[in-house]
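Data first, discussion second: the structure below is written as structure tokens.
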Amino acid sequence: MNEDIPGPGPAGAADADAERNDFIRAFVREDVAAGRNGGRVHTRFPPEPNGYLHIGHAKAILLSWTVAQEFGGKFNLRFDDTNPEKEDVEYVESIKTDVRWLGADWEDREFHASDYFDQLYAWAQHLIREGKAYICSLDEEKIRQYRGTVTEAGRPSPDRDRPAPESLDLLERMRVGEFPEGTYTLRAKIDMAHPNMKMRDPLLYRIRRVPHHRTGDKWNIYPLYDFAHGQCDAIEGITHSLCSLEFEVNRPLYEWFIDNLPVPCRPRQIEFARLKLTYTVMSKRKLLQLVKNGHVNGWDDPRMPTLCGLRRLGYTASSINRFAERVGMAKRDSTVDLDLLKWSIREELNREAPRVMAVLRPLKVVITNYPEGQVEQIVCENNPEDPNAGTREVPFTRDLYIEQDDFREDAPRKYFRLKPGGEVRLKHAYFIRCDEIVKDAVGAVTELRCTYDPESRGGSSPDGRKVQGTLQWVSAAHAAKVEVRLYDNLFRVPFPEEGGADFLDNLNPDSLEVITGALVEPALGQVAPGYRCQFMRHGYFFADPIDSRPGAPVFNRTATLKDSWAKLEAGGKSE
RNA sequence: UGGGGCGUCGUCAAGCGGUAAGACACAAGGUUUUGGUCCUUGCAUUCGCGGGUUCGAAUCCUGCCGCCCCAACCA
């Protein structure tokens with residue numbers, strides 16, 4: 001790496017957390033105090049390997065992980081792979097990468113629900129022998145009809161009292177593949193009139209004559225979520241099974257299995273509100289649609305709320321940890337303001353990211369009274385927030401570029417930047433005054449002819465005169481040309497589906513602007529992928545790990561800086 | 001409308017009978033060689049609504065109202 005350039009930004013480890021308190025931790029504390037499960041705490045994150053993890057999963061992962069940490073317990077990663085039709089190994093690796101990136105450590109405890117298929121099958125047989133499960137021959141449509149509705153009780157299946165030996169035999173034959181899909185199911189015998197629909201003889205196994213990504217063609221039947229989840233928890237010695245609110249209605253069933261099976265442990269399920277964010281969508285189905293329809297460039301497109309997308313945008317794991325902490329934990333359906341997420345990365349990068357100068361839309365400036373051919377090395381501080389960040393040298397010459405936005409021929413009263421006859425400071429360098437505007441045939445400004453004050457070297461004048469504006473700049477002869485990608489919110493409205501709208505209709509057409517001719521200070525052209533910095537007065541940027549090439553980094557805008565000038569002007573208060 | 005859950009600032013979220021934390025956002029000042037950061041100040045006389053209990057309620061009781069989840073051989 002070029003020595004002129006300050007070191008890379010923060011890599012992103014989770015930082016030590018302040019004391020947290022929420023209803024889940026209160027329950028756990030209670031359980032530990034009461035000595036339940038021997039006072040152990042053991043949590044797990046159970047993703048289904050059918051998609052990429054998003055920021056909502058981060059909240060769940062970090063909850064289980066930090067709870068385990070705080071109570072001196074353990075944390076497992078378990079793939080909930082009971083539906084071979086939807087799941088694939090493709091997703092397993094990305095999920096592991098993302099969980100690891102967040103800092104959650106499952107050590108050697110990576111499990112799969114499919115690891116327990118034999119045990120689950122044995123427990124299914126156990127239930128049949130106990131008279132608590134039976135093979136049902138109703139088809140899908142009939143099962144639905146017999147189940148009743150939320151206001152009417154269901155009716156018992158005609159097979160409800162099938163003798164255990166017969167059910168046992170049928171189950172075995174289902175397993176070995178004697179029957180086509182849909183012909184039989186295994187159901188628990190609970191209560192067809194139960195007010196909780198989940199308790200009306202729920203299905204335990206269905207026939208699926210498809211290979212599984214881990215067990216191959218060993219099985220022709222696969223357990224359903226309810227029959228797998230709690231038992232898997234119990235097998236792993238999980239004490240606290242933390243999941244989102246929609247599983248609240250499944251809890252009585254979860255407990256029914258724990259109560260009726262000789263399981264080795266008594267896990268407790270506790271539900272919390274899943275994370276929703278403004279200006280985005282979170283469901284796997286919709287994210288998949290964005291990818292499949294080409295609205296974004298893949299799961300790791302920096303506009304996606306996926307963890308790989310956020311990582312590629314330039315978010316650090318520590319900023320996401322802090323975000324999750326700040327969001328809090330409760331049971332209320334809620335939608336967090338995207339600004340809170342953005343703030344979590346800005347706050348960190350403000351502290352740690354080196355400042356550099358970049359001109360996104362260049363406007364030529366010639367310093368007419370500066371000697372031609374002269375090159376001065378200007379000393380620039382790397383980070384005003386960090387005295388230890390040191391300095392670097394940036395070349396200054398007669399021909400420079402500044403930002404087009406930083407010059408205005410007809411400037412409003414509160415415009416502090418360069419205007420005809422006006423004076424500004426070039427950051428760390430000199431005061432310059434605009435003397436002359438050069439325009440092309442159609443009247444567009446192509447060049448500014450300015451004079452500098454040699455006495456103002458370093459950016460301040462001995463006579464104490466003040467300038468209101470400070471601009472970043474680059475030397476025309478030395479600047480490196482790079483590609484910059486300006487990312488903005490994926491959707492143009494906070495609630496893309498509000499009022500029954502199709503979320504695709506609310507995509508933000510300006511969510512990505514690619515700038516190919518940005519000019520940056522010379523050393524920045526040699527930066528390694530993954531480099532983080534602040535482009536002064538623009539925002540925080542991240543050298544894209546995928547599209548950057550040696551000597552040709554591509555910079556993704558992670559977050560903008562707050563822009564109170566834009567706000568002023570938009571509010572019509574700039575006069 | 002059968003069951004389950006939830007309603008505290010624009011958005012999250014503390015509070016658990018003793019008189020409304022904090023964060024983000026927002027607003028107004030100050031500092032500033034980033035119109036960034038930072039600092040100061042402001043921002044719920046009120047806790048979905050109505051009754052009741054109490055010396056005292058966001059917290060207890062009660063009746064409404066609203067929102068979410070459950071009728072996949074998905075998780």
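Ordered as shown in the structure tokens, chains take letters A, B, and onward, while each chain numbers its residues from 1 and ligands are numbered from 1 in the order shown.
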### Task
Give me the residues within 10 Å of Pro454 in chain A as an MDAnalysis selection string, counting only C-alpha atoms (C1' of nucleotides) and dropping any in the same chain fewer than 2 places off.
chainID A and resid 369:370 429:432 451:452 456:458 461
Residues from the last selection, all heavy atoms, saved as a compact mmCIF listing (two decimals), in the first residue's frame:
# COMPACT_ATOMS: atom_id res chain seq x y z
N ASN A 369 -1.57 33.30 -11.25
CA ASN A 369 -0.33 33.88 -10.71
C ASN A 369 0.55 32.83 -10.03
O ASN A 369 1.44 33.15 -9.27
CB ASN A 369 -0.65 35.01 -9.73
CG ASN A 369 -1.45 34.53 -8.53
OD1 ASN A 369 -2.11 33.50 -8.62
ND2 ASN A 369 -1.39 35.27 -7.43
N TYR A 370 0.25 31.56 -10.29
CA TYR A 370 1.08 30.48 -9.72
C TYR A 370 2.05 30.02 -10.79
O TYR A 370 1.65 29.80 -11.94
CB TYR A 370 0.19 29.31 -9.27
CG TYR A 370 0.89 28.33 -8.36
CD1 TYR A 370 0.91 28.53 -6.98
CD2 TYR A 370 1.52 27.20 -8.89
CE1 TYR A 370 1.56 27.61 -6.15
CE2 TYR A 370 2.16 26.29 -8.07
CZ TYR A 370 2.17 26.50 -6.69
OH TYR A 370 2.81 25.59 -5.88
N ALA A 429 -4.40 24.44 1.72
CA ALA A 429 -3.47 25.04 0.76
C ALA A 429 -3.47 26.57 0.81
O ALA A 429 -2.78 27.16 1.63
CB ALA A 429 -3.78 24.53 -0.64
N TYR A 430 -4.26 27.20 -0.07
CA TYR A 430 -4.23 28.65 -0.17
C TYR A 430 -5.62 29.24 -0.32
O TYR A 430 -6.57 28.53 -0.68
CB TYR A 430 -3.45 29.07 -1.43
CG TYR A 430 -1.98 28.76 -1.40
CD1 TYR A 430 -1.49 27.63 -2.07
CD2 TYR A 430 -1.08 29.59 -0.73
CE1 TYR A 430 -0.13 27.34 -2.07
CE2 TYR A 430 0.28 29.30 -0.73
CZ TYR A 430 0.75 28.18 -1.39
OH TYR A 430 2.09 27.89 -1.39
N PHE A 431 -5.71 30.53 -0.10
CA PHE A 431 -6.91 31.27 -0.48
C PHE A 431 -6.83 31.53 -1.98
O PHE A 431 -5.76 31.85 -2.48
CB PHE A 431 -6.96 32.64 0.22
CG PHE A 431 -7.26 32.59 1.69
CD1 PHE A 431 -7.41 31.39 2.36
CD2 PHE A 431 -7.40 33.78 2.42
CE1 PHE A 431 -7.69 31.36 3.73
CE2 PHE A 431 -7.68 33.76 3.77
CZ PHE A 431 -7.81 32.56 4.43
N ILE A 432 -7.92 31.42 -2.66
CA ILE A 432 -7.93 31.81 -4.07
C ILE A 432 -9.13 32.71 -4.33
O ILE A 432 -10.15 32.64 -3.63
CB ILE A 432 -8.00 30.60 -5.05
CG1 ILE A 432 -9.29 29.79 -4.84
CG2 ILE A 432 -6.78 29.70 -4.89
CD1 ILE A 432 -9.58 28.80 -5.94
N THR A 451 -6.69 33.75 -8.88
CA THR A 451 -5.36 34.10 -8.36
C THR A 451 -5.30 33.62 -6.92
O THR A 451 -6.33 33.56 -6.23
CB THR A 451 -5.12 35.62 -8.40
OG1 THR A 451 -6.28 36.29 -7.90
CG2 THR A 451 -4.84 36.09 -9.82
N TYR A 452 -4.11 33.26 -6.49
CA TYR A 452 -3.97 32.81 -5.11
C TYR A 452 -3.19 33.83 -4.32
O TYR A 452 -2.48 34.68 -4.88
CB TYR A 452 -3.30 31.43 -5.06
CG TYR A 452 -1.80 31.44 -5.10
CD1 TYR A 452 -1.06 30.93 -4.04
CD2 TYR A 452 -1.10 31.95 -6.21
CE1 TYR A 452 0.33 30.90 -4.08
CE2 TYR A 452 0.29 31.93 -6.26
CZ TYR A 452 1.00 31.40 -5.18
OH TYR A 452 2.36 31.38 -5.21
N SER A 456 -1.16 33.06 2.17
CA SER A 456 -2.17 32.23 2.87
C SER A 456 -1.80 30.75 2.88
O SER A 456 -2.65 29.89 3.11
CB SER A 456 -3.53 32.43 2.22
OG SER A 456 -3.51 31.96 0.88
N ARG A 457 -0.59 30.43 2.64
CA ARG A 457 -0.18 29.02 2.58
C ARG A 457 -0.57 28.29 3.88
O ARG A 457 -0.37 28.81 4.98
CB ARG A 457 1.33 28.91 2.38
CG ARG A 457 1.77 27.47 2.16
CD ARG A 457 3.21 27.39 1.65
NE ARG A 457 3.43 26.19 0.87
CZ ARG A 457 3.80 25.02 1.41
NH1 ARG A 457 4.01 24.93 2.70
NH2 ARG A 457 3.96 23.96 0.65
N GLY A 458 -1.12 27.13 3.71
CA GLY A 458 -1.58 26.37 4.88
C GLY A 458 -3.05 26.64 5.14
O GLY A 458 -3.71 25.91 5.86
N SER A 461 -4.60 33.38 6.52
CA SER A 461 -3.88 34.58 6.10
C SER A 461 -3.33 35.31 7.32
O SER A 461 -4.00 35.43 8.33
CB SER A 461 -4.83 35.48 5.32
OG SER A 461 -4.23 36.74 5.11
#### Entry: DSSP strand (DSSP E) residues within range 40-83 of chain A, as a list in words
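Secondary structure check on range 40-83 of chain A, strand (DSSP E): His42, Thr43, Arg44, Phe45, Lys74, Phe75, Asn76, Leu77, Arg78 and Phe79 of chain A.
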Just the selected residues (N, CA, C and O atoms), exported as a PDB file, in the first residue's frame, please.
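The resulting file, result_22.pdb, is reproduced below:
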ATOM      1  N   HIS A  42     -28.124 -21.514  26.794  1.00  0.00           N
ATOM      2  CA  HIS A  42     -27.622 -21.986  25.507  1.00  0.00           C
ATOM      3  C   HIS A  42     -28.643 -21.563  24.453  1.00  0.00           C
ATOM      4  O   HIS A  42     -29.807 -21.943  24.543  1.00  0.00           O
ATOM      5  N   THR A  43     -28.204 -20.758  23.503  1.00  0.00           N
ATOM      6  CA  THR A  43     -29.122 -20.268  22.477  1.00  0.00           C
ATOM      7  C   THR A  43     -28.697 -20.790  21.108  1.00  0.00           C
ATOM      8  O   THR A  43     -27.693 -21.493  20.984  1.00  0.00           O
ATOM      9  N   ARG A  44     -29.491 -20.423  20.103  1.00  0.00           N
ATOM     10  CA  ARG A  44     -29.157 -20.899  18.757  1.00  0.00           C
ATOM     11  C   ARG A  44     -29.753 -19.954  17.718  1.00  0.00           C
ATOM     12  O   ARG A  44     -30.706 -19.238  17.984  1.00  0.00           O
ATOM     13  N   PHE A  45     -29.158 -19.941  16.539  1.00  0.00           N
ATOM     14  CA  PHE A  45     -29.771 -19.236  15.423  1.00  0.00           C
ATOM     15  C   PHE A  45     -30.101 -20.289  14.384  1.00  0.00           C
ATOM     16  O   PHE A  45     -29.210 -21.024  13.958  1.00  0.00           O
ATOM     17  N   LYS A  74     -23.597 -20.755  25.687  1.00  0.00           N
ATOM     18  CA  LYS A  74     -23.123 -21.114  24.349  1.00  0.00           C
ATOM     19  C   LYS A  74     -24.166 -20.753  23.291  1.00  0.00           C
ATOM     20  O   LYS A  74     -25.334 -20.529  23.603  1.00  0.00           O
ATOM     21  N   PHE A  75     -23.689 -20.741  22.070  1.00  0.00           N
ATOM     22  CA  PHE A  75     -24.510 -20.340  20.943  1.00  0.00           C
ATOM     23  C   PHE A  75     -24.294 -21.332  19.801  1.00  0.00           C
ATOM     24  O   PHE A  75     -23.154 -21.624  19.444  1.00  0.00           O
ATOM     25  N   ASN A  76     -25.370 -21.884  19.274  1.00  0.00           N
ATOM     26  CA  ASN A  76     -25.265 -22.834  18.161  1.00  0.00           C
ATOM     27  C   ASN A  76     -25.759 -22.213  16.859  1.00  0.00           C
ATOM     28  O   ASN A  76     -26.616 -21.333  16.871  1.00  0.00           O
ATOM     29  N   LEU A  77     -25.229 -22.737  15.782  1.00  0.00           N
ATOM     30  CA  LEU A  77     -25.779 -22.416  14.466  1.00  0.00           C
ATOM     31  C   LEU A  77     -26.438 -23.692  13.960  1.00  0.00           C
ATOM     32  O   LEU A  77     -25.809 -24.741  13.907  1.00  0.00           O
ATOM     33  N   ARG A  78     -27.715 -23.600  13.668  1.00  0.00           N
ATOM     34  CA  ARG A  78     -28.404 -24.798  13.169  1.00  0.00           C
ATOM     35  C   ARG A  78     -29.210 -24.479  11.926  1.00  0.00           C
ATOM     36  O   ARG A  78     -30.072 -23.607  11.935  1.00  0.00           O
ATOM     37  N   PHE A  79     -28.907 -25.192  10.874  1.00  0.00           N
ATOM     38  CA  PHE A  79     -29.664 -25.003   9.644  1.00  0.00           C
ATOM     39  C   PHE A  79     -30.953 -25.784   9.723  1.00  0.00           C
ATOM     40  O   PHE A  79     -30.955 -26.986   9.989  1.00  0.00           O
TER      41      PHE A  79
END
### Task
Please report, as a ChimeraX atom specification, each residue of range 47-99 of chain A to which DSSP assigns helix (DSSP H, G or I) when run on this structure's backbone.
/A:55-70,89-99
### Message
Give me, as a PyMOL selection string, all polymer residues having an atom no more than 12 Å from U19 in chain B, counting only C-alpha atoms (C1' of nucleotides) and skipping those fewer than 5 positions away in the same chain.
### Response
chain B and resi 45-46+56-59
### Message
At a cut-off of 6 Å, using only C-alpha atoms (C1' of nucleotides), what residues contact range 267-273 of chain A? Leave out same-chain residues fewer than 2 positions from it and give the result as JSON, numbers by chain.
### Response
{"A": [238, 239, 240, 241, 242, 243, 244, 245, 330, 331, 332, 333]}
Just write the chosen residues, C-alpha atoms, as an mmCIF file, in the first residue's frame.
data_model
loop_
_atom_site.group_PDB
_atom_site.id
_atom_site.type_symbol
_atom_site.label_atom_id
_atom_site.label_comp_id
_atom_site.auth_asym_id
_atom_site.auth_seq_id
_atom_site.Cartn_x
_atom_site.Cartn_y
_atom_site.Cartn_z
ATOM 1 C CA ILE A 238 -30.830 -25.314 23.974
ATOM 2 C CA THR A 239 -32.300 -23.546 26.990
ATOM 3 C CA HIS A 240 -33.728 -20.455 25.319
ATOM 4 C CA SER A 241 -35.168 -20.658 21.851
ATOM 5 C CA LEU A 242 -35.557 -17.076 20.715
ATOM 6 C CA CYS A 243 -37.691 -16.474 17.654
ATOM 7 C CA SER A 244 -39.923 -13.883 16.072
ATOM 8 C CA LEU A 245 -43.495 -13.025 16.958
ATOM 9 C CA ALA A 330 -39.582 -5.679 22.468
ATOM 10 C CA LYS A 331 -42.768 -7.387 21.331
ATOM 11 C CA ARG A 332 -44.312 -4.439 19.581
ATOM 12 C CA ASP A 333 -44.542 -4.496 15.772
#
